[in-house]
$ cat work01.csv   # CSV, C-alpha atoms and all ligand atoms
chain,number,residue,atom,x,y,z
H,1,MET,CA,19.5,-1.3,18.5
H,2,THR,CA,20.6,-0.6,22.0
H,3,ALA,CA,22.0,2.7,23.5
H,4,LEU,CA,25.4,1.2,23.4
H,5,ASP,CA,25.2,0.6,19.7
H,6,LEU,CA,24.1,4.1,19.1
H,7,LYS,CA,26.8,5.6,21.2
H,8,SER,CA,29.4,3.7,19.4
H,9,ALA,CA,28.4,5.9,16.4
H,10,ASN,CA,30.9,8.3,17.9
H,11,SER,CA,33.7,5.8,18.0
H,12,ALA,CA,36.1,4.8,15.3
H,13,ALA,CA,33.8,2.1,13.8
H,14,PRO,CA,30.5,3.9,13.3
H,15,ALA,CA,27.3,1.9,13.9
H,16,GLU,CA,24.9,1.9,11.0
H,17,LYS,CA,22.5,4.8,10.8
H,18,ARG,CA,18.8,3.9,11.5
H,19,PRO,CA,16.4,4.9,8.7
H,20,LEU,CA,14.2,7.5,10.3
H,21,PHE,CA,11.3,6.5,8.0
H,22,GLY,CA,10.9,3.3,10.0
H,23,LEU,CA,10.6,4.9,13.4
H,24,SER,CA,7.5,6.4,15.0
H,25,ARG,CA,7.8,9.8,16.7
H,26,PRO,CA,8.1,8.3,20.2
H,27,GLU,CA,10.6,5.7,19.0
H,28,THR,CA,12.7,8.6,17.5
H,29,ALA,CA,12.6,10.4,20.8
H,30,ASP,CA,13.7,7.2,22.7
H,31,ALA,CA,16.5,6.6,20.2
H,32,ILE,CA,17.7,10.2,20.6
H,33,GLY,CA,17.4,10.1,24.4
H,34,GLU,CA,19.4,6.9,24.7
H,35,ALA,CA,22.1,7.8,22.3
H,36,LEU,CA,22.7,11.4,23.4
H,37,SER,CA,21.9,10.9,27.1
H,38,LEU,CA,19.1,13.5,27.0
H,39,ASP,CA,16.2,13.6,29.4
H,40,VAL,CA,12.8,12.6,28.1
H,41,ARG,CA,11.6,16.2,27.6
H,42,LYS,CA,14.7,17.3,25.6
H,43,ALA,CA,14.7,14.1,23.6
H,44,ARG,CA,11.1,14.6,22.7
H,45,MET,CA,11.7,18.2,21.7
H,46,ARG,CA,14.6,17.1,19.4
H,47,ALA,CA,12.5,14.4,17.9
H,48,ASN,CA,9.7,16.8,17.2
H,49,GLN,CA,12.1,19.2,15.4
H,50,LEU,CA,13.7,16.4,13.4
H,51,TRP,CA,10.3,15.0,12.4
H,52,ARG,CA,9.0,18.4,11.3
H,53,TRP,CA,12.0,18.9,9.0
H,54,ALA,CA,11.9,15.4,7.7
H,55,PHE,CA,8.2,14.7,7.3
H,56,HIS,CA,6.6,18.1,7.0
H,57,TYR,CA,9.3,19.9,5.0
H,58,GLY,CA,10.8,16.8,3.4
H,59,VAL,CA,14.4,18.0,3.8
H,60,THR,CA,17.1,15.4,2.9
H,61,ASP,CA,20.0,17.2,4.5
H,62,PHE,CA,20.5,17.7,8.2
H,63,ASP,CA,22.3,21.0,7.6
H,64,ALA,CA,19.0,22.5,6.4
H,65,MET,CA,17.5,22.1,9.9
H,66,THR,CA,18.2,25.6,10.8
H,67,ASP,CA,16.5,25.7,14.3
H,68,ILE,CA,18.8,22.9,15.5
H,69,GLY,CA,22.3,23.8,16.6
H,70,LYS,CA,25.3,22.6,14.5
H,71,ASP,CA,26.5,20.0,17.0
H,72,MET,CA,23.1,18.5,17.5
H,73,ARG,CA,22.6,18.4,13.7
H,74,ALA,CA,25.8,16.5,13.4
H,75,ASP,CA,24.7,14.1,16.2
H,76,LEU,CA,21.4,13.5,14.5
H,77,ALA,CA,23.1,12.9,11.1
H,78,ARG,CA,25.2,10.3,12.7
H,79,LEU,CA,22.2,8.5,14.2
H,80,PHE,CA,19.6,8.6,11.4
H,81,SER,CA,19.4,8.3,7.7
H,82,LEU,CA,16.9,10.3,5.6
H,83,GLU,CA,17.8,8.4,2.5
H,84,ARG,CA,15.0,7.7,0.0
H,85,PRO,CA,14.8,4.5,-2.0
H,86,ARG,CA,16.1,5.1,-5.6
H,87,VAL,CA,13.5,5.6,-8.3
H,88,ILE,CA,14.9,3.7,-11.2
H,89,ASP,CA,12.1,4.2,-13.6
H,90,ARG,CA,9.0,6.4,-13.8
H,91,GLN,CA,6.3,6.2,-16.4
H,92,VAL,CA,3.5,8.7,-16.8
H,93,SER,CA,0.2,7.5,-18.3
H,94,ILE,CA,-1.9,9.6,-20.7
H,95,ASP,CA,-4.4,9.9,-17.8
H,96,GLY,CA,-1.7,11.4,-15.5
H,97,THR,CA,-1.2,8.2,-13.5
H,98,ARG,CA,2.5,7.8,-12.5
H,99,LYS,CA,4.1,4.4,-12.0
H,100,TYR,CA,7.4,4.2,-10.2
H,101,LEU,CA,9.8,1.3,-10.2
H,102,ILE,CA,11.7,1.7,-6.9
H,103,GLU,CA,14.9,0.0,-5.9
H,104,LEU,CA,15.0,-0.9,-2.2
H,105,ALA,CA,18.3,-2.7,-2.3
H,106,PRO,CA,20.3,-4.2,-5.2
H,107,GLY,CA,18.0,-6.6,-7.0
H,108,ALA,CA,15.0,-5.8,-4.6
H,109,GLU,CA,12.5,-3.7,-6.5
H,110,VAL,CA,8.8,-2.8,-6.1
H,111,GLU,CA,6.3,-0.6,-7.9
H,112,CYS,CA,4.0,2.0,-6.6
H,113,VAL,CA,1.5,4.1,-8.4
H,114,PHE,CA,0.3,7.7,-7.9
H,115,ILE,CA,-3.2,8.3,-9.2
H,116,PRO,CA,-4.3,12.0,-9.4
H,117,ASP,CA,-7.9,13.0,-8.8
H,118,VAL,CA,-9.1,10.2,-6.7
H,119,GLY,CA,-10.0,10.3,-3.1
H,120,ARG,CA,-10.0,13.8,-1.8
H,121,ALA,CA,-7.1,14.8,-4.1
H,122,GLY,CA,-5.0,11.9,-5.3
H,123,ALA,CA,-4.1,8.5,-4.1
H,124,LEU,CA,-0.8,6.7,-3.8
H,125,CYS,CA,-1.0,2.9,-4.1
H,126,VAL,CA,2.0,1.4,-2.2
H,127,SER,CA,3.5,-2.1,-2.1
H,128,SER,CA,3.9,-4.0,1.1
H,129,GLN,CA,5.9,-7.0,-0.2
H,130,ILE,CA,8.1,-7.7,-3.2
H,131,GLY,CA,5.9,-10.1,-5.1
H,132,CYS,CA,3.2,-12.1,-3.3
H,133,THR,CA,2.9,-15.6,-2.1
H,134,LEU,CA,-0.8,-15.9,-2.8
H,135,ASN,CA,-1.2,-16.6,-6.5
H,136,CYS,CA,-4.6,-15.2,-7.1
H,137,ALA,CA,-5.5,-16.5,-10.6
H,138,PHE,CA,-6.1,-13.1,-12.2
H,139,CYS,CA,-3.2,-11.2,-10.6
H,140,HIS,CA,0.0,-10.4,-12.3
H,141,THR,CA,1.9,-9.8,-9.0
H,142,GLY,CA,1.1,-13.3,-7.9
H,143,THR,CA,3.1,-14.7,-10.8
H,144,GLN,CA,6.3,-13.1,-9.5
H,145,LYS,CA,8.5,-15.7,-7.8
H,146,LEU,CA,10.7,-13.6,-5.6
H,147,VAL,CA,9.0,-12.6,-2.4
H,148,ARG,CA,10.0,-10.7,0.7
H,149,ASN,CA,8.3,-8.4,3.2
H,150,LEU,CA,9.1,-4.7,3.1
H,151,THR,CA,10.2,-3.0,6.2
H,152,ALA,CA,8.2,0.0,7.5
H,153,ALA,CA,11.0,2.3,6.3
H,154,GLU,CA,10.7,0.8,2.8
H,155,ILE,CA,7.0,1.4,2.8
H,156,VAL,CA,7.3,5.0,4.1
H,157,GLY,CA,10.2,5.4,1.6
H,158,GLN,CA,7.7,4.9,-1.3
H,159,VAL,CA,5.6,7.8,0.0
H,160,MET,CA,8.6,10.1,0.5
H,161,ALA,CA,10.0,9.3,-3.0
H,162,VAL,CA,6.7,10.1,-4.6
H,163,LYS,CA,6.2,13.3,-2.6
H,164,ASP,CA,9.6,14.4,-3.8
H,165,ASP,CA,8.6,13.7,-7.4
H,166,ILE,CA,5.3,15.5,-7.3
H,167,GLY,CA,6.7,18.4,-5.3
H,168,GLU,CA,4.4,17.8,-2.3
H,169,TRP,CA,6.4,19.7,0.3
H,170,PRO,CA,5.6,21.0,2.8
H,171,SER,CA,3.0,18.3,3.7
H,172,GLY,CA,-0.6,18.8,4.5
H,173,GLY,CA,-1.2,22.0,2.5
H,174,GLU,CA,-4.7,23.0,1.3
H,175,ASP,CA,-3.7,22.3,-2.3
H,176,ARG,CA,-2.3,18.9,-1.6
H,177,LYS,CA,-2.1,16.5,-4.5
H,178,LEU,CA,-1.7,13.4,-2.3
H,179,SER,CA,-4.5,12.9,0.1
H,180,ASN,CA,-5.0,9.1,0.3
H,181,VAL,CA,-2.8,6.1,0.6
H,182,VAL,CA,-4.0,2.6,-0.4
H,183,PHE,CA,-2.2,-0.6,0.3
H,184,MET,CA,-3.2,-2.1,-3.0
H,185,GLY,CA,0.2,-2.5,-4.7
H,186,MET,CA,2.3,-5.6,-4.7
H,187,GLY,CA,1.9,-8.0,-1.8
H,188,GLU,CA,-0.6,-9.1,0.9
H,189,PRO,CA,-0.4,-6.4,3.6
H,190,LEU,CA,-1.8,-8.6,6.3
H,191,TYR,CA,1.1,-11.0,5.9
H,192,ASN,CA,3.4,-8.1,6.8
H,193,LEU,CA,1.1,-6.4,9.3
H,194,ASP,CA,3.6,-5.2,11.9
H,195,HIS,CA,5.6,-3.2,9.3
H,196,VAL,CA,2.4,-2.0,7.6
H,197,ALA,CA,1.0,-0.8,11.0
H,198,ARG,CA,4.2,1.0,11.8
H,199,ALA,CA,4.3,2.7,8.4
H,200,ILE,CA,0.7,3.8,8.9
H,201,GLU,CA,1.7,5.3,12.3
H,202,VAL,CA,4.4,7.3,10.6
H,203,ILE,CA,2.5,8.6,7.6
H,204,SER,CA,-0.6,9.4,9.6
H,205,ASP,CA,1.2,11.6,12.1
H,206,GLY,CA,-0.5,15.0,12.0
H,207,ASP,CA,2.8,17.0,12.2
H,208,GLY,CA,4.5,14.9,9.6
H,209,VAL,CA,3.2,13.5,6.3
H,210,SER,CA,-0.3,13.9,7.8
H,211,ILE,CA,-2.4,11.5,5.9
H,212,SER,CA,-5.5,10.8,8.0
H,213,ARG,CA,-6.2,7.2,8.9
H,214,ARG,CA,-9.6,7.6,7.4
H,215,ARG,CA,-7.8,8.1,4.1
H,216,ILE,CA,-5.6,5.1,4.4
H,217,THR,CA,-7.0,1.9,3.1
H,218,VAL,CA,-5.6,-1.6,3.5
H,219,SER,CA,-6.7,-4.2,1.0
H,220,THR,CA,-6.5,-7.9,1.8
H,221,SER,CA,-7.3,-11.0,-0.1
H,222,GLY,CA,-8.9,-12.3,3.0
H,223,VAL,CA,-6.4,-13.1,5.8
H,224,ALA,CA,-9.4,-13.3,8.2
H,225,PRO,CA,-7.5,-13.9,11.5
H,226,GLU,CA,-5.4,-10.8,11.1
H,227,ILE,CA,-8.3,-8.4,10.4
H,228,PRO,CA,-9.1,-7.7,14.0
H,229,ARG,CA,-5.4,-6.8,14.7
H,230,LEU,CA,-5.4,-4.6,11.6
H,231,GLY,CA,-8.2,-2.6,13.2
H,232,GLU,CA,-6.6,-2.5,16.6
H,233,LEU,CA,-3.2,-1.5,15.4
H,234,THR,CA,-4.1,1.0,12.7
H,235,ASN,CA,-7.7,2.0,12.7
H,236,ALA,CA,-7.3,2.2,8.9
H,237,MET,CA,-10.1,1.6,6.4
H,238,LEU,CA,-10.5,-2.0,5.3
H,239,ALA,CA,-10.9,-3.3,1.8
H,240,ILE,CA,-11.6,-6.9,1.0
H,241,SER,CA,-10.8,-8.5,-2.4
H,242,LEU,CA,-13.9,-10.7,-2.6
H,243,HIS,CA,-14.3,-11.4,-6.3
H,244,ALA,CA,-16.7,-14.3,-6.0
H,245,THR,CA,-19.9,-15.0,-4.1
H,246,ASN,CA,-19.5,-18.8,-3.5
H,247,ASP,CA,-16.6,-20.7,-2.0
H,248,ALA,CA,-16.1,-23.0,-5.0
H,249,LEU,CA,-15.3,-20.1,-7.4
H,250,ARG,CA,-13.5,-18.1,-4.7
H,251,ASN,CA,-11.2,-21.1,-4.0
H,252,GLU,CA,-10.2,-21.0,-7.6
H,253,LEU,CA,-9.8,-17.2,-8.0
H,254,VAL,CA,-8.4,-16.3,-4.5
H,255,PRO,CA,-6.8,-19.6,-3.2
H,256,ILE,CA,-6.5,-18.3,0.3
H,257,ASN,CA,-10.3,-18.8,0.5
H,258,ARG,CA,-9.6,-22.5,1.1
H,259,LYS,CA,-8.1,-21.6,4.4
H,260,TYR,CA,-10.5,-18.8,5.3
H,261,PRO,CA,-13.8,-19.2,3.5
H,262,ILE,CA,-16.3,-16.5,2.7
H,263,ALA,CA,-18.4,-16.9,5.9
H,264,ALA,CA,-15.3,-16.6,8.1
H,265,LEU,CA,-14.1,-13.6,6.2
H,266,LEU,CA,-17.4,-11.8,6.4
H,267,ASP,CA,-17.6,-12.5,10.1
H,268,ALA,CA,-14.2,-10.8,10.6
H,269,CYS,CA,-15.5,-7.9,8.6
H,270,ARG,CA,-18.6,-7.5,10.7
H,271,ASN,CA,-16.4,-7.3,13.8
H,272,TYR,CA,-14.0,-4.8,12.3
H,273,PRO,CA,-13.5,-2.0,14.9
H,274,SER,CA,-15.2,1.3,14.3
H,275,LEU,CA,-17.1,-0.1,11.3
H,276,SER,CA,-20.0,2.3,10.7
H,277,ASN,CA,-21.9,4.0,8.0
H,278,VAL,CA,-19.2,6.6,7.7
H,279,ARG,CA,-16.4,4.1,7.9
H,280,LYS,CA,-17.6,1.4,5.5
H,281,THR,CA,-15.6,-1.6,4.4
H,282,THR,CA,-14.9,-1.7,0.7
H,283,PHE,CA,-15.5,-4.9,-1.2
H,284,GLU,CA,-13.6,-5.2,-4.4
H,285,TYR,CA,-14.9,-7.4,-7.2
H,286,VAL,CA,-12.9,-7.9,-10.3
H,287,MET,CA,-15.2,-8.4,-13.4
H,288,LEU,CA,-14.1,-11.5,-15.3
H,289,LYS,CA,-15.9,-12.4,-18.5
H,290,GLY,CA,-18.1,-15.4,-18.1
H,291,VAL,CA,-16.6,-16.3,-14.8
H,292,ASN,CA,-18.2,-14.1,-12.1
H,293,ASP,CA,-20.2,-11.5,-14.0
H,294,SER,CA,-23.8,-12.8,-14.1
H,295,ASP,CA,-26.9,-11.0,-12.8
H,296,ALA,CA,-27.4,-13.9,-10.3
H,297,GLU,CA,-24.0,-13.2,-8.9
H,298,ALA,CA,-24.7,-9.5,-8.6
H,299,ARG,CA,-27.8,-10.3,-6.6
H,300,GLU,CA,-25.9,-12.8,-4.5
H,301,LEU,CA,-23.2,-10.2,-3.8
H,302,VAL,CA,-25.8,-7.7,-2.5
H,303,ARG,CA,-27.4,-10.4,-0.3
H,304,LEU,CA,-24.1,-11.5,1.2
H,305,LEU,CA,-23.2,-8.0,2.3
H,306,LYS,CA,-26.6,-6.9,3.4
H,307,ASP,CA,-25.8,-6.6,7.2
H,308,ILE,CA,-22.3,-5.0,6.7
H,309,PRO,CA,-21.8,-1.3,6.2
H,310,ALA,CA,-20.2,-1.7,2.8
H,311,LYS,CA,-19.1,0.0,-0.4
H,312,ILE,CA,-18.8,-2.1,-3.5
H,313,ASN,CA,-16.1,-1.5,-6.0
H,314,LEU,CA,-16.4,-3.3,-9.3
H,315,ILE,CA,-13.0,-3.5,-10.9
H,316,PRO,CA,-12.8,-4.0,-14.7
H,317,PHE,CA,-10.2,-6.8,-15.1
H,318,ASN,CA,-6.9,-5.3,-16.2
H,319,PRO,CA,-5.2,-7.6,-18.6
H,320,TRP,CA,-1.5,-8.5,-18.5
H,321,PRO,CA,0.6,-10.6,-20.9
H,322,GLY,CA,-0.5,-14.2,-20.7
H,323,ALA,CA,-3.5,-13.6,-18.4
H,324,PRO,CA,-6.0,-16.5,-18.4
H,325,TYR,CA,-9.0,-14.2,-18.2
H,326,GLU,CA,-10.7,-11.5,-20.1
H,327,CYS,CA,-12.5,-8.4,-18.8
H,328,ALA,CA,-16.3,-8.7,-18.7
H,329,SER,CA,-18.0,-6.7,-21.5
H,330,TRP,CA,-18.9,-3.1,-20.8
H,331,ASP,CA,-22.6,-4.0,-21.1
H,332,ARG,CA,-22.2,-6.8,-18.6
H,333,ILE,CA,-20.4,-4.6,-16.1
H,334,GLU,CA,-23.1,-2.0,-16.4
H,335,ALA,CA,-25.9,-4.5,-16.0
H,336,PHE,CA,-24.1,-5.9,-12.9
H,337,ALA,CA,-23.5,-2.4,-11.6
H,338,GLU,CA,-27.2,-1.5,-12.1
H,339,ILE,CA,-28.2,-4.4,-9.7
H,340,VAL,CA,-25.7,-3.3,-7.2
H,341,ASN,CA,-26.8,0.3,-7.6
H,342,ARG,CA,-30.4,-0.4,-7.1
H,343,ALA,CA,-29.5,-2.1,-3.8
H,344,GLY,CA,-28.2,1.3,-2.7
H,345,TYR,CA,-24.5,1.3,-3.6
H,346,ALA,CA,-23.5,4.5,-5.4
H,347,SER,CA,-21.0,4.5,-8.4
H,348,PRO,CA,-19.6,1.0,-7.9
H,349,ILE,CA,-17.4,0.9,-11.1
H,350,ARG,CA,-13.7,1.7,-10.6
H,351,THR,CA,-12.4,3.5,-13.6
H,352,PRO,CA,-9.2,1.8,-14.7
H,353,ARG,CA,-6.3,4.2,-14.5
H,354,GLY,CA,-2.8,3.9,-16.0
H,355,ARG,CA,-3.7,0.8,-18.1
H,356,ASP,CA,-1.4,2.0,-20.9
H,357,ILE,CA,1.7,1.7,-18.6
H,358,LEU,CA,0.5,-1.5,-16.8
H,359,ALA,CA,-0.1,0.5,-13.6
H,360,ALA,CA,-3.7,-0.5,-13.0
H,361,CYS,CA,-4.8,-2.9,-10.3
H,362,GLY,CA,-3.1,-6.3,-10.5
H,363,GLN,CA,-0.8,-5.3,-13.3
H,364,LEU,CA,2.2,-4.6,-11.1
H,365,LYS,CA,5.3,-6.8,-11.3
H,366,SER,CA,8.8,-5.4,-11.0
H,367,GLU,CA,10.7,-5.0,-14.2
H,368,SER,CA,13.7,-7.0,-13.2
H,369,VAL,CA,11.6,-10.0,-12.6
H,370,LYS,CA,9.7,-9.4,-15.7
H,371,ALA,CA,12.9,-9.3,-17.6
H,372,ARG,CA,14.0,-12.6,-16.0
H,373,ALA,CA,10.6,-14.1,-16.8
H,374,SER,CA,10.8,-13.1,-20.4
H,375,GLU,CA,14.3,-14.5,-20.6
H,376,ARG,CA,12.9,-17.8,-19.2
H,377,HIS,CA,10.1,-17.6,-21.7
H,378,LYS,CA,12.6,-17.0,-24.5
H,379,ALA,CA,14.7,-19.9,-23.3
H,380,ARG,CA,11.6,-22.2,-23.3
H,381,ILE,CA,10.6,-21.1,-26.8
H,382,GLU,CA,14.2,-21.7,-28.0
H,383,ALA,CA,14.2,-25.1,-26.3
H,384,THR,CA,11.0,-26.2,-28.0
H,385,PRO,CA,11.6,-28.4,-31.0
H,401,LIG,N1,-3.0,-8.3,-1.9
H,401,LIG,C1,-4.0,-7.4,-1.6
H,401,LIG,C2,-3.7,-6.0,-2.1
H,401,LIG,C3,-3.1,-5.9,-3.5
H,401,LIG,S1,-4.1,-6.3,-4.9
H,401,LIG,C4,-5.3,-7.9,-2.1
H,401,LIG,O1,-5.3,-8.9,-2.9
H,401,LIG,O2,-6.3,-7.3,-1.8
H,401,LIG,C5,-5.2,-4.9,-5.1
H,401,LIG,C6,-6.5,-5.2,-5.8
H,401,LIG,O3,-6.3,-5.4,-7.2
H,401,LIG,C7,-7.2,-6.4,-5.2
H,401,LIG,O4,-8.5,-6.2,-5.1
H,401,LIG,C8,-6.9,-7.4,-6.3
H,401,LIG,O5,-7.8,-8.5,-6.3
H,401,LIG,C9,-7.0,-6.6,-7.5
H,401,LIG,N2,-6.5,-7.1,-8.8
H,401,LIG,C10,-5.5,-8.0,-8.9
H,401,LIG,N3,-5.2,-8.3,-10.2
H,401,LIG,C11,-6.1,-7.6,-10.9
H,401,LIG,C12,-6.3,-7.5,-12.3
H,401,LIG,N4,-5.6,-8.1,-13.2
H,401,LIG,N5,-7.3,-6.6,-12.7
H,401,LIG,C13,-8.1,-5.9,-11.8
H,401,LIG,N6,-7.9,-6.0,-10.5
H,401,LIG,C14,-6.9,-6.9,-10.0
H,402,LIG,FE1,-1.4,-11.3,-3.9
H,402,LIG,FE2,-3.4,-9.5,-3.8
H,402,LIG,FE3,-2.3,-10.3,-6.2
H,402,LIG,FE4,-3.8,-12.0,-4.7
H,402,LIG,S1,-4.5,-10.2,-5.7
H,402,LIG,S2,-1.8,-12.5,-5.7
H,402,LIG,S3,-3.2,-11.4,-2.7
H,402,LIG,S4,-1.3,-9.1,-4.6
$ encode --input "work01.csv" --output "structure tokens"
Amino acid sequence: MTALDLKSANSAAPAEKRPLFGLSRPETADAIGEALSLDVRKARMRANQLWRWAFHYGVTDFDAMTDIGKDMRADLARLFSLERPRVIDRQVSIDGTRKYLIELAPGAEVECVFIPDVGRAGALCVSSQIGCTLNCAFCHTGTQKLVRNLTAAEIVGQVMAVKDDIGEWPSGGEDRKLSNVVFMGMGEPLYNLDHVARAIEVISDGDGVSISRRRITVSTSGVAPEIPRLGELTNAMLAISLHATNDALRNELVPINRKYPIAALLDACRNYPSLSNVRKTTFEYVMLKGVNDSDAEARELVRLLKDIPAKINLIPFNPWPGAPYECASWDRIEAFAEIVNRAGYASPIRTPRGRDILAACGQLKSESVKARASERHKARIEATP
């Protein structure tokens, strides 16, 4: 939006407010400077005040910003919106996991999941797209037809809505419940990298939501050519959904492997900026009964990753209605984990959380689409002779 657009906010036909959640702090200052004809220093000061109220204290009303004069508050209220996306459903699991169904716009819904007691305090799993184009064979999200990228404001909006719900204001306190953010919800974040990067810039700002980049993890199914840019733009932690140790099987489970096979993917991982023994890449491996859960594959997994500073995360497969796989047996998972363990990877099994409310990895799919899918299913059954 140009300065002219913003100034026209004062005229009879008001310009649309910009969602503050989609702007970095410098962009906020630029927008204020242009719209209100303030010099750089003053604009920056106003942006800092606004940001502190919005992202540190979580206020939703400009009138609560008591260190800003009344007229300036009114100007800011004309320029920016602090509106959260609407939480249309919230389910709480017996293990404390909370799954939110969030409406971004009429008919556009995503899910995000807050998991207490993981990471330093608790992790929020956010979505980066509605649905996903990639169709991994074991993933519920991939079966959802409707797909669009989320904007940065919509990604940050998930964090704000959940912070409201768990009462996490002001941000950054010693007793914080939300310390980590993982891009492991719906969608392939590297197909929406610009918005994901901007959202990370907003939520990692130390005077705002203040989630350190070391505690932000982006999980990809393997969009190898975007991995260097992810590192450059965000310096976030990298997670790779590997799930197979040979190309034939990975082609089947994670079809993007046909485009970027395992060797190319691991090369990109080796070159990920600031990869080190304290900033390891996580390799996710979903345990599918009789498909990828043999001892030989565990040994191959260790061999493949031997020259990469890595963590291995074995994910028990989370079932969903109609899924074509079963979770590997607990004995099998333990035997597999034992081999991985002996190779020096500590506690590789990820405890499933929120399974009872379909909030665990790969179970997300927005309700509206589920409803439509079940209607289609019903129609098919009724149509069968
Ligand atoms: N699209 C990204 C991020 C979202 S998926 C990606 O694929 O990495 C987050 C993680 O959940 C991925 O590792 C994914 O492979 C895994 N996952 C998907 N479906 C699952 C299921 N049914 N059970 C367990 N893990 C699953
Ligand atoms: Fe998409 Fe990730 Fe699910 Fe694959 S596992 S379909 S990339 S969300």
$ closest_residue --input "work01.csv" --among "H:Ala199, H:Val126, H:Ala310, H:Leu150" --to "ligand LIG 401 (chain H)" --atoms "all atoms listed in the file"
H:Val126
$ closest_residue --input "work01.csv" --among "H:Ile262, H:Met186, H:Leu178, H:Leu101" --to "ligand LIG 401 (chain H)" --atoms "all atoms listed in the file"
H:Met186
$ residues_near_ligand --input "work01.csv" --ligand "ligand LIG 401 (chain H)" --cutoff "8 Å" --atoms "all atoms listed in the file" --output "PyMOL selection string"
chain H and resi 127+132+134+136+138-141+183-189+218-222+239-243+284-287+315-320+323+360-363
$ residues_around --input "work01.csv" --residues "region 302-309 of chain H" --least-positions-apart "6" --cutoff "7 Å" --atoms "all atoms listed in the file" --output "compact mmCIF listing (two decimals) with C-alpha atoms, in the frame of the given file"
# COMPACT_ATOMS: atom_id res chain seq x y z
CA ARG H 270 -18.60 -7.50 10.70
CA SER H 276 -20.00 2.30 10.70
CA ASN H 277 -21.90 4.00 8.00
CA LYS H 280 -17.60 1.40 5.50
CA THR H 281 -15.60 -1.60 4.40
CA VAL H 340 -25.70 -3.30 -7.20
CA ALA H 343 -29.50 -2.10 -3.80
$ closest_residue --input "work01.csv" --among "H:Gly231, H:Pro255, H:Gly344, H:Pro261" --to "ligand LIG 402 (chain H)" --atoms "all atoms listed in the file"
H:Pro255
$ residues_around --input "work01.csv" --residues "Ile211 (chain H)" --least-positions-apart "3" --cutoff "8 Å" --atoms "all atoms listed in the file" --output "PyMOL selection string"
chain H and resi 172+179-181+203-206+215-216
$ atom_distance --input "work01.csv" --atom1 "CA of Ile32 (chain H)" --atom2 "CA of Ile155 (chain H)"
22.6 Å
$ atom_distance --input "work01.csv" --atom1 "CA of Arg148 (chain H)" --atom2 "CA of Glu252 (chain H)"
24.1 Å
$ atom_distance --input "work01.csv" --atom1 "CA of Phe62 (chain H)" --atom2 "CA of Ala47 (chain H)"
13.0 Å
$ closest_residue --input "work01.csv" --among "H:Met72, H:Leu50, H:Ala264, H:Val147" --to "ligand LIG 402 (chain H)" --atoms "all atoms listed in the file"
H:Val147
$ closest_residue --input "work01.csv" --among "H:Asp61, H:Pro19, H:Ala268, H:Arg46" --to "Val156 (chain H)" --atoms "all atoms listed in the file"
H:Pro19
$ residues_near_point --input "work01.csv" --point "(19.3, 15.5, 11.4)" --cutoff "12 Å" --atoms "all atoms listed in the file" --output "ChimeraX atom specification"
/H:17-20,28,32,46-55,58-83
$ closest_residue --input "work01.csv" --among "H:Ala161, H:Ala137, H:Ala298, H:Leu38" --to "ligand LIG 402 (chain H)" --atoms "only C-alpha atoms and all ligand atoms"
H:Ala137
$ residues_around --input "work01.csv" --residues "Asn271 (chain H)" --least-positions-apart "2" --cutoff "10 Å" --atoms "only C-alpha atoms" --output "list in words"
Ile227, Pro228, Gly231, Leu266, Asp267, Ala268, Cys269, Pro273, Ser274, Leu275 and Ile308 of chain H
$ axis_aligned_box --input "work01.csv" --around "region 298-307 of chain H" --padding-each-side "6 Å" --output "lines of an AutoDock Vina configuration file"
center_x = -25.5
center_y = -9.7
center_z = -0.7
size_x = 16.6
size_y = 18.2
size_z = 27.8
$ decode --input "work01.csv" --residues "region 91-99 of chain H" --atoms "N, CA and C atoms" --output "PDB file, in the first residue's frame"
ATOM      1  N   GLN H  91     -10.802 -27.897  21.167  1.00  0.00           N
ATOM      2  CA  GLN H  91     -10.951 -29.169  21.870  1.00  0.00           C
ATOM      3  C   GLN H  91      -9.744 -29.367  22.764  1.00  0.00           C
ATOM      4  N   VAL H  92     -10.000 -29.870  23.982  1.00  0.00           N
ATOM      5  CA  VAL H  92      -8.892 -30.097  24.907  1.00  0.00           C
ATOM      6  C   VAL H  92      -8.758 -31.588  25.132  1.00  0.00           C
ATOM      7  N   SER H  93      -7.551 -32.110  24.889  1.00  0.00           N
ATOM      8  CA  SER H  93      -7.307 -33.545  25.038  1.00  0.00           C
ATOM      9  C   SER H  93      -7.117 -33.904  26.509  1.00  0.00           C
ATOM     10  N   ILE H  94      -7.264 -35.182  26.816  1.00  0.00           N
ATOM     11  CA  ILE H  94      -7.014 -35.608  28.194  1.00  0.00           C
ATOM     12  C   ILE H  94      -5.562 -35.338  28.604  1.00  0.00           C
ATOM     13  N   ASP H  95      -4.642 -35.216  27.629  1.00  0.00           N
ATOM     14  CA  ASP H  95      -3.254 -34.915  28.006  1.00  0.00           C
ATOM     15  C   ASP H  95      -2.962 -33.406  28.017  1.00  0.00           C
ATOM     16  N   GLY H  96      -4.002 -32.590  27.876  1.00  0.00           N
ATOM     17  CA  GLY H  96      -3.810 -31.136  27.969  1.00  0.00           C
ATOM     18  C   GLY H  96      -3.579 -30.454  26.628  1.00  0.00           C
ATOM     19  N   THR H  97      -3.354 -31.249  25.573  1.00  0.00           N
ATOM     20  CA  THR H  97      -3.177 -30.679  24.235  1.00  0.00           C
ATOM     21  C   THR H  97      -4.461 -29.964  23.815  1.00  0.00           C
ATOM     22  N   ARG H  98      -4.294 -28.800  23.207  1.00  0.00           N
ATOM     23  CA  ARG H  98      -5.480 -28.045  22.764  1.00  0.00           C
ATOM     24  C   ARG H  98      -5.455 -27.881  21.259  1.00  0.00           C
ATOM     25  N   LYS H  99      -6.522 -28.300  20.616  1.00  0.00           N
ATOM     26  CA  LYS H  99      -6.615 -28.129  19.164  1.00  0.00           C
ATOM     27  C   LYS H  99      -7.624 -27.039  18.850  1.00  0.00           C
TER      28      LYS H  99
END
